[in-house]
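> See protein-v2.tsv below, with TSV, C-alpha atoms.
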```
chain	number	residue	atom	x	y	z
A	1226	MET	CA	-2.23	2.40	-28.74
A	1227	MET	CA	-2.45	4.50	-31.88
A	1228	ASN	CA	-3.39	7.68	-29.96
A	1229	LEU	CA	-1.19	7.12	-26.92
A	1230	LYS	CA	-1.12	10.13	-24.59
A	1231	LEU	CA	-0.42	8.52	-21.22
A	1232	VAL	CA	1.55	5.56	-19.83
A	1233	ILE	CA	0.74	4.45	-16.27
A	1234	PHE	CA	3.50	2.57	-14.46
A	1235	ASP	CA	3.13	0.16	-11.59
A	1236	MET	CA	6.19	0.42	-9.34
A	1237	ASP	CA	7.26	-2.66	-7.35
A	1238	GLY	CA	8.41	-5.42	-9.65
A	1239	LEU	CA	7.81	-3.29	-12.75
A	1240	MET	CA	10.06	-0.25	-12.29
A	1241	TYR	CA	12.21	-1.52	-9.46
A	1242	ASP	CA	13.37	-5.00	-8.50
A	1243	THR	CA	11.96	-4.76	-4.98
A	1244	GLU	CA	9.38	-7.53	-4.66
A	1245	GLN	CA	11.88	-10.28	-3.85
A	1246	ILE	CA	13.51	-8.05	-1.18
A	1247	GLY	CA	10.12	-6.98	0.18
A	1248	LEU	CA	8.88	-10.56	0.48
A	1249	ALA	CA	12.05	-11.69	2.27
A	1250	CYS	CA	11.82	-8.79	4.74
A	1251	LEU	CA	8.12	-9.48	5.40
A	1252	ILE	CA	8.82	-13.14	6.15
A	1253	LYS	CA	11.68	-12.21	8.54
A	1254	ALA	CA	9.62	-9.52	10.27
A	1255	ALA	CA	6.69	-11.90	10.80
A	1256	ILE	CA	9.00	-14.50	12.35
A	1257	LYS	CA	10.19	-11.92	14.91
A	1258	TYR	CA	6.57	-11.68	16.10
A	1259	GLY	CA	5.95	-15.43	16.04
A	1260	TYR	CA	4.13	-15.73	12.69
A	1261	VAL	CA	5.08	-17.81	9.67
A	1262	ILE	CA	4.27	-16.30	6.27
A	1263	ASP	CA	5.19	-18.67	3.45
A	1264	ARG	CA	6.20	-17.50	0.01
A	1265	GLU	CA	2.90	-18.49	-1.62
A	1266	PHE	CA	0.82	-16.48	0.85
A	1267	GLY	CA	3.25	-13.55	0.67
A	1268	LEU	CA	2.84	-13.38	-3.12
A	1269	MET	CA	-0.93	-13.06	-2.71
A	1270	GLY	CA	-0.43	-9.58	-1.25
A	1271	ILE	CA	1.45	-8.20	-4.27
A	1272	GLY	CA	-0.50	-5.32	-5.75
A	1273	MET	CA	-2.70	-4.80	-2.66
A	1274	ASN	CA	-2.81	-1.61	-0.65
A	1275	SER	CA	-2.39	-1.68	3.14
A	1276	ASN	CA	-6.13	-1.81	3.92
A	1277	ASP	CA	-6.81	-4.85	1.75
A	1278	TYR	CA	-3.60	-6.61	2.78
A	1279	GLN	CA	-4.48	-6.09	6.44
A	1280	LYS	CA	-7.84	-7.81	5.82
A	1281	LEU	CA	-6.05	-10.67	4.06
A	1282	VAL	CA	-3.58	-11.41	6.88
A	1283	LYS	CA	-6.21	-11.06	9.61
A	1284	GLU	CA	-8.44	-13.53	7.78
A	1285	LYS	CA	-5.54	-15.99	7.84
A	1286	PHE	CA	-4.02	-15.33	11.27
A	1287	GLY	CA	-6.87	-13.74	13.23
A	1288	ASP	CA	-7.50	-10.27	14.65
A	1289	GLU	CA	-4.58	-10.58	17.07
A	1290	TYR	CA	-2.08	-10.48	14.17
A	1291	PRO	CA	0.08	-7.36	14.85
A	1292	TYR	CA	-0.25	-5.93	11.36
A	1293	LEU	CA	1.15	-2.45	12.03
A	1294	GLN	CA	4.18	-3.70	13.97
A	1295	ILE	CA	5.11	-6.36	11.40
A	1296	SER	CA	4.57	-3.97	8.48
A	1297	GLN	CA	6.72	-1.30	10.11
A	1298	LYS	CA	9.50	-3.76	10.93
A	1299	SER	CA	9.39	-5.15	7.38
A	1300	ARG	CA	9.55	-1.65	5.93
A	1301	GLU	CA	12.51	-0.69	8.14
A	1302	MET	CA	14.42	-3.81	7.06
A	1303	ARG	CA	13.61	-3.18	3.40
A	1304	MET	CA	14.69	0.47	3.44
A	1305	THR	CA	17.90	-0.38	5.32
A	1306	TYR	CA	18.76	-2.93	2.65
A	1307	LEU	CA	17.97	-0.59	-0.25
A	1308	LYS	CA	19.92	2.30	1.24
A	1309	GLU	CA	22.93	0.05	1.78
A	1310	HIS	CA	22.83	-1.73	-1.58
A	1311	GLY	CA	21.11	0.84	-3.82
A	1312	MET	CA	17.89	0.65	-5.79
A	1313	ILE	CA	17.84	-1.99	-8.52
A	1314	VAL	CA	16.22	-0.32	-11.54
A	1315	LYS	CA	14.62	-2.67	-14.05
A	1316	PRO	CA	16.33	-2.92	-17.48
A	1317	GLY	CA	14.99	-0.41	-19.99
A	1318	LEU	CA	13.16	1.84	-17.50
A	1319	LYS	CA	15.35	4.92	-17.95
A	1320	GLU	CA	15.32	4.62	-21.75
A	1321	LEU	CA	11.53	4.11	-21.83
A	1322	ILE	CA	10.91	7.19	-19.66
A	1323	GLU	CA	13.21	9.31	-21.83
A	1324	PHE	CA	11.48	8.06	-25.00
A	1325	LEU	CA	7.99	8.85	-23.67
A	1326	LYS	CA	9.05	12.32	-22.56
A	1327	ASP	CA	10.67	13.00	-25.96
A	1328	HIS	CA	7.30	12.18	-27.56
A	1329	ASN	CA	5.26	14.30	-25.12
A	1330	ILE	CA	3.50	11.27	-23.65
A	1331	LYS	CA	2.50	11.80	-20.02
A	1332	ILE	CA	3.84	9.36	-17.41
A	1333	ALA	CA	2.26	8.44	-14.09
A	1334	ILE	CA	2.82	5.97	-11.27
A	1335	ALA	CA	-0.17	4.08	-9.87
A	1336	SER	CA	1.18	1.86	-7.10
A	1337	SER	CA	-0.37	0.07	-4.15
A	1338	SER	CA	2.61	1.17	-2.04
A	1339	SER	CA	2.30	4.25	0.16
A	1340	LYS	CA	3.18	7.69	-1.20
A	1341	GLU	CA	6.10	7.83	1.26
A	1342	THR	CA	7.53	4.58	-0.12
A	1343	ILE	CA	7.08	5.67	-3.74
A	1344	ASP	CA	8.89	8.95	-3.07
A	1345	GLU	CA	11.73	7.17	-1.24
A	1346	TYR	CA	12.17	4.62	-4.04
A	1347	ASN	CA	12.15	7.30	-6.74
A	1348	HIS	CA	14.73	9.29	-4.78
A	1349	LEU	CA	17.01	6.27	-4.40
A	1350	ALA	CA	16.67	5.57	-8.14
A	1351	GLY	CA	17.36	9.20	-9.12
A	1352	PHE	CA	13.85	9.80	-10.48
A	1353	ASP	CA	12.78	12.70	-8.25
A	1354	GLY	CA	10.20	14.90	-9.98
A	1355	ILE	CA	10.25	12.89	-13.21
A	1356	PHE	CA	6.65	11.67	-13.21
A	1357	ASP	CA	3.74	13.91	-14.16
A	1358	TYR	CA	1.45	12.36	-11.53
A	1359	ILE	CA	1.76	9.84	-8.71
A	1360	ILE	CA	-1.12	8.06	-6.97
A	1361	ALA	CA	-0.47	5.68	-4.09
A	1362	GLY	CA	-2.35	2.88	-2.39
A	1363	ASN	CA	-3.12	5.08	0.61
A	1364	MET	CA	-4.77	7.63	-1.70
A	1365	VAL	CA	-7.57	5.29	-2.82
A	1366	GLU	CA	-10.26	3.33	-0.99
A	1367	HIS	CA	-10.00	0.11	-2.99
A	1368	SER	CA	-6.78	-1.53	-4.13
A	1369	LYS	CA	-6.07	-3.53	-7.27
A	1370	PRO	CA	-7.79	-5.59	-8.74
A	1371	ASP	CA	-10.37	-2.82	-8.25
A	1372	PRO	CA	-9.93	-0.32	-11.12
A	1373	GLU	CA	-10.22	2.78	-8.87
A	1374	ILE	CA	-6.54	3.72	-8.88
A	1375	PHE	CA	-6.27	3.67	-12.69
A	1376	LEU	CA	-9.55	5.49	-13.22
A	1377	LYS	CA	-8.34	8.27	-10.92
A	1378	VAL	CA	-5.25	8.71	-13.12
A	1379	LEU	CA	-7.43	9.08	-16.23
A	1380	GLU	CA	-9.59	11.57	-14.37
A	1381	HIS	CA	-6.54	13.59	-13.30
A	1382	PHE	CA	-5.35	14.01	-16.90
A	1383	ASN	CA	-8.83	14.04	-18.47
A	1384	ILE	CA	-7.63	11.34	-20.85
A	1385	SER	CA	-9.83	8.55	-22.24
A	1386	LYS	CA	-9.20	4.85	-21.71
A	1387	ASP	CA	-8.13	4.25	-25.30
A	1388	GLU	CA	-5.47	6.97	-25.07
A	1389	ALA	CA	-3.72	5.32	-22.11
A	1390	LEU	CA	-1.57	2.27	-21.50
A	1391	VAL	CA	-0.83	0.49	-18.21
A	1392	LEU	CA	2.43	-1.36	-17.48
A	1393	GLU	CA	2.06	-4.06	-14.82
A	1394	ASP	CA	3.70	-7.20	-13.49
A	1395	SER	CA	1.15	-8.53	-10.99
A	1396	ARG	CA	-2.09	-10.46	-11.38
A	1397	ASN	CA	-3.96	-7.89	-9.29
A	1398	GLY	CA	-2.62	-5.03	-11.41
A	1399	ILE	CA	-3.48	-6.69	-14.72
A	1400	MET	CA	-7.01	-7.41	-13.50
A	1401	ALA	CA	-7.39	-3.81	-12.28
A	1402	SER	CA	-6.38	-2.48	-15.69
A	1403	TYR	CA	-8.72	-4.91	-17.44
A	1404	ASN	CA	-11.54	-3.88	-15.10
A	1405	ALA	CA	-10.79	-0.24	-15.96
A	1406	GLN	CA	-10.85	-1.17	-19.68
A	1407	ILE	CA	-7.36	0.29	-20.21
A	1408	PRO	CA	-4.93	-1.70	-22.39
A	1409	VAL	CA	-2.21	-3.32	-20.26
A	1410	ILE	CA	1.22	-4.73	-21.06
A	1411	CYS	CA	2.48	-7.34	-18.63
A	1412	VAL	CA	6.19	-7.53	-17.80
A	1413	PRO	CA	6.32	-10.51	-15.39
A	1414	ASP	CA	8.44	-10.39	-12.24
A	1415	LEU	CA	8.22	-13.01	-9.46
A	1416	VAL	CA	5.11	-14.71	-10.84
A	1417	LYS	CA	4.76	-16.08	-14.36
A	1418	HIS	CA	1.06	-15.85	-15.18
A	1419	ASP	CA	-1.12	-18.48	-16.80
A	1420	LEU	CA	-3.26	-17.99	-19.90
A	1421	GLU	CA	-6.23	-16.89	-17.78
A	1422	ILE	CA	-4.32	-13.68	-16.95
A	1423	THR	CA	-2.14	-13.15	-20.02
A	1424	LYS	CA	-5.20	-13.24	-22.31
A	1425	LEU	CA	-6.37	-10.05	-20.57
A	1426	THR	CA	-3.26	-8.15	-21.73
A	1427	TYR	CA	-2.43	-6.19	-24.86
A	1428	ALA	CA	0.93	-7.99	-24.78
A	1429	THR	CA	3.20	-9.88	-22.40
A	1430	LEU	CA	6.85	-8.89	-22.84
A	1431	PRO	CA	10.09	-9.97	-21.13
A	1432	SER	CA	11.28	-6.48	-20.14
A	1433	LEU	CA	10.71	-2.74	-20.48
A	1434	VAL	CA	13.24	-2.77	-23.34
A	1435	GLU	CA	10.65	-4.57	-25.49
A	1436	VAL	CA	7.89	-2.26	-24.21
A	1437	LYS	CA	9.79	0.74	-25.61
A	1438	GLU	CA	10.32	-1.07	-28.91
A	1439	LEU	CA	6.61	-1.88	-29.20
A	1440	ILE	CA	5.48	1.68	-28.44
A	1441	GLU	CA	8.11	3.07	-30.83
A	1442	LYS	CA	6.88	0.75	-33.60
A	1443	ASP	CA	3.29	1.78	-32.92
A	1444	ILE	CA	4.17	5.49	-33.14
A	1445	LEU	CA	5.99	4.92	-36.44
A	1446	LEU	CA	2.94	3.11	-37.84
A	1447	LYS	CA	0.74	6.00	-36.75
A	1448	HIS	CA	2.96	8.54	-38.51
A	1449	LYS	CA	3.00	6.46	-41.70
A	1450	GLY	CA	-0.78	6.35	-41.64
A	1451	GLU	CA	-1.16	10.14	-41.34
```
Could you write out this structure as C-alpha cells?


Amino acid sequence: MMNLKLVIFDMDGLMYDTEQIGLACLIKAAIKYGYVIDREFGLMGIGMNSNDYQKLVKEKFGDEYPYLQISQKSREMRMTYLKEHGMIVKPGLKELIEFLKDHNIKIAIASSSSKETIDEYNHLAGFDGIFDYIIAGNMVEHSKPDPEIFLKVLEHFNISKDEALVLEDSRNGIMASYNAQIPVICVPDLVKHDLEITKLTYATLPSLVEVKELIEKDILLKHKGE
C-alpha cells in the first residue's frame, strides 16, 4: 500500500450494517410467496448481483420461483425499515473517508447492489456526492467473485492494481479482489471466514477504525522513507 491512490469500498456489511436487515426482509418476503429461504442459503447470495442471484435461486427452487416479485417485496420492506429507523453506519467509516480525502486518495464504491439502492443508502447516511466514483451490480455483466467490477474501477481512474486497496466483508468480494490482483482488507460482518479466505487478504481487521490506523501507519512509513 506504499503508493496508495485509491480505496474501493464494498457497501452492504462494510459501510452500512444492512446485511442482517436485508436477509430478514428476504426471508419474510419469500414466505409471503410460499418459499422458505433459510439463513445459510440467504448468506450465499451476499456479494452477488441480481443476475447471478436470480440464477442461484432458480437453481434451488426452479424456474417458477417469482424472483422479481420477491426481490421487490424484500426491497420495499428493507427501505421502509431503514427510513423509519435510520441507516446504521459502520464504526469508523466517516473518519476513514475524511482521512482519505485529506490525503487526496480517491474513494469509490463497488457494490453488487443496484445503483438506485446505493444512492438511497448514501442519502440516508448523509454521504451524497462524497464518493469519486460509484459502480453497481447492474452496471457489470458478472458479479463478484468475478473481478470485473473492480477492474472497471481501476480503468475509470487509470490506476494500477498496486496503487489501489479494496475493503470487503464477504467471501465473494474477497475472492473478486484476489482475482483482480488488488490487495484487499477484510472487515467481517455476518460471516467469519476460515483460513482459506483470510489468507487471500492483505489483512483481516475488526472494524474500519483499524483500517484507518493501518493506512495512516503505512503513509507515515512512506514519508519516513522518502

> Which residues come within 8 Å of segment 1279-1296 of chain A, counting only C-alpha atoms, excluding same-chain residues fewer than 2 positions away, as a ChimeraX atom specification?

/A:1251,1254-1255,1258,1270,1275-1277,1298-1300

> Next, dump the selected residues to file, keeping only C-alpha atoms, as a short mmCIF file (atom, residue, chain, number, x, y, z; two decimals), in the coordinates of the input.


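Saved file part.cif follows:
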```cif
data_model
loop_
_atom_site.label_atom_id
_atom_site.label_comp_id
_atom_site.auth_asym_id
_atom_site.auth_seq_id
_atom_site.Cartn_x
_atom_site.Cartn_y
_atom_site.Cartn_z
CA LEU A 1251 8.12 -9.48 5.40
CA ALA A 1254 9.62 -9.52 10.27
CA ALA A 1255 6.69 -11.90 10.80
CA TYR A 1258 6.57 -11.68 16.10
CA GLY A 1270 -0.43 -9.58 -1.25
CA SER A 1275 -2.39 -1.68 3.14
CA ASN A 1276 -6.13 -1.81 3.92
CA ASP A 1277 -6.81 -4.85 1.75
CA LYS A 1298 9.50 -3.76 10.93
CA SER A 1299 9.39 -5.15 7.38
CA ARG A 1300 9.55 -1.65 5.93
#
```

> Select, from A:Glu1380, A:Glu1244, A:Glu1441, A:Glu1435, the residue with the minimum atom-to-atom distance to Ile1271 of chain A, counting only C-alpha atoms.

A:Glu1244

> Write out as a list in words which residues come within 7 Å of segment 1305-1322 of chain A when counting only C-alpha atoms, dropping same-chain ones fewer than 3 positions away.

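Once the nearby chain positions are removed, what remains is Leu1239, Met1240, Tyr1241, Asp1242, Glu1301, Met1302, Leu1325, Lys1326, Leu1349, Ala1350, Ser1432, Leu1433, Val1434 and Lys1437 of chain A.
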
> Could you work out how far atom CA of Ile1233 of chain A lies from atom CA of Tyr1403 of chain A, giving the answer in Å with one decimal?

13.4 Å

> Taking into account all atoms listed in the file, which residue in the set A:Gly1398, A:Leu1379, A:Leu1248, A:His1418 is nearest to Glu1265 of chain A?

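For Glu1265 of chain A, the nearest of the candidates is A:Leu1248.
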
> For a quick check of understanding, using all atoms listed in the file, which of A:Tyr1260, A:Phe1266, A:Tyr1278, A:Phe1382 has the smallest distance to Asn1363 of chain A?

A:Tyr1278

> Need to verify the contact set: Asn1329 of chain A, 12 Å, all atoms listed in the file, exclusion of same-chain residues closer than 5 positions in sequence. Can you return it as a CSV table (one decimal) with C-alpha atoms, in the coordinates of the input?


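Output below, filename around.csv:
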```csv
chain,number,residue,atom,x,y,z
A,1228,ASN,CA,-3.4,7.7,-30.0
A,1229,LEU,CA,-1.2,7.1,-26.9
A,1230,LYS,CA,-1.1,10.1,-24.6
A,1231,LEU,CA,-0.4,8.5,-21.2
A,1232,VAL,CA,1.6,5.6,-19.8
A,1322,ILE,CA,10.9,7.2,-19.7
A,1323,GLU,CA,13.2,9.3,-21.8
A,1324,PHE,CA,11.5,8.1,-25.0
A,1357,ASP,CA,3.7,13.9,-14.2
A,1444,ILE,CA,4.2,5.5,-33.1
```

> So how many Å separate atom CA of Phe1356 of chain A and atom CA of Asp1414 of chain A, to one decimal?

22.2 Å

> Set the distance at 9 Å and use only C-alpha atoms: which residues neighbour Gly1362 of chain A once local chain neighbours fewer than 3 positions away are removed? I'd like the list as an MDAnalysis selection string.

chainID A and resid 1273:1276 1335:1340 1365:1369 1374

> Restricting the calculation to all atoms listed in the file: of A:Asn1383, A:Ser1395, A:Thr1243, A:Thr1423, which residue gets closest to Arg1303 of chain A?

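Of A:Asn1383, A:Ser1395, A:Thr1243, A:Thr1423, the one nearest Arg1303 of chain A is A:Thr1243, counting all atoms listed in the file.
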
> Go through A:Ile1334, A:Ala1405, A:Ile1410, A:Ala1361 and flag the residue nearest Asp1235 of chain A, using only C-alpha atoms for the distances.

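Result for the nearest residue to Asp1235 of chain A: A:Ile1334.
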
> Quick check, in Å to one decimal: how far apart do atom CA of Lys1377 of chain A and atom CA of Ile1343 of chain A lie?

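Going from atom CA of Lys1377 of chain A over to atom CA of Ile1343 of chain A covers 17.2 Å.
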
> Could you tell me which of A:Leu1446, A:His1348, A:Asp1394, A:Lys1386 comes closest to Ala1428 of chain A if we count all atoms listed in the file?

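Under the stated criterion, the closest residue is A:Asp1394.
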
> List as a list in words the protein and nucleic acid residues near Arg1396 of chain A, meaning an atom at most 7 Å away when all atoms listed in the file are counted, but skip any in the same chain fewer than 3 places from it.

Ile1399, Met1400 and Ile1422 of chain A
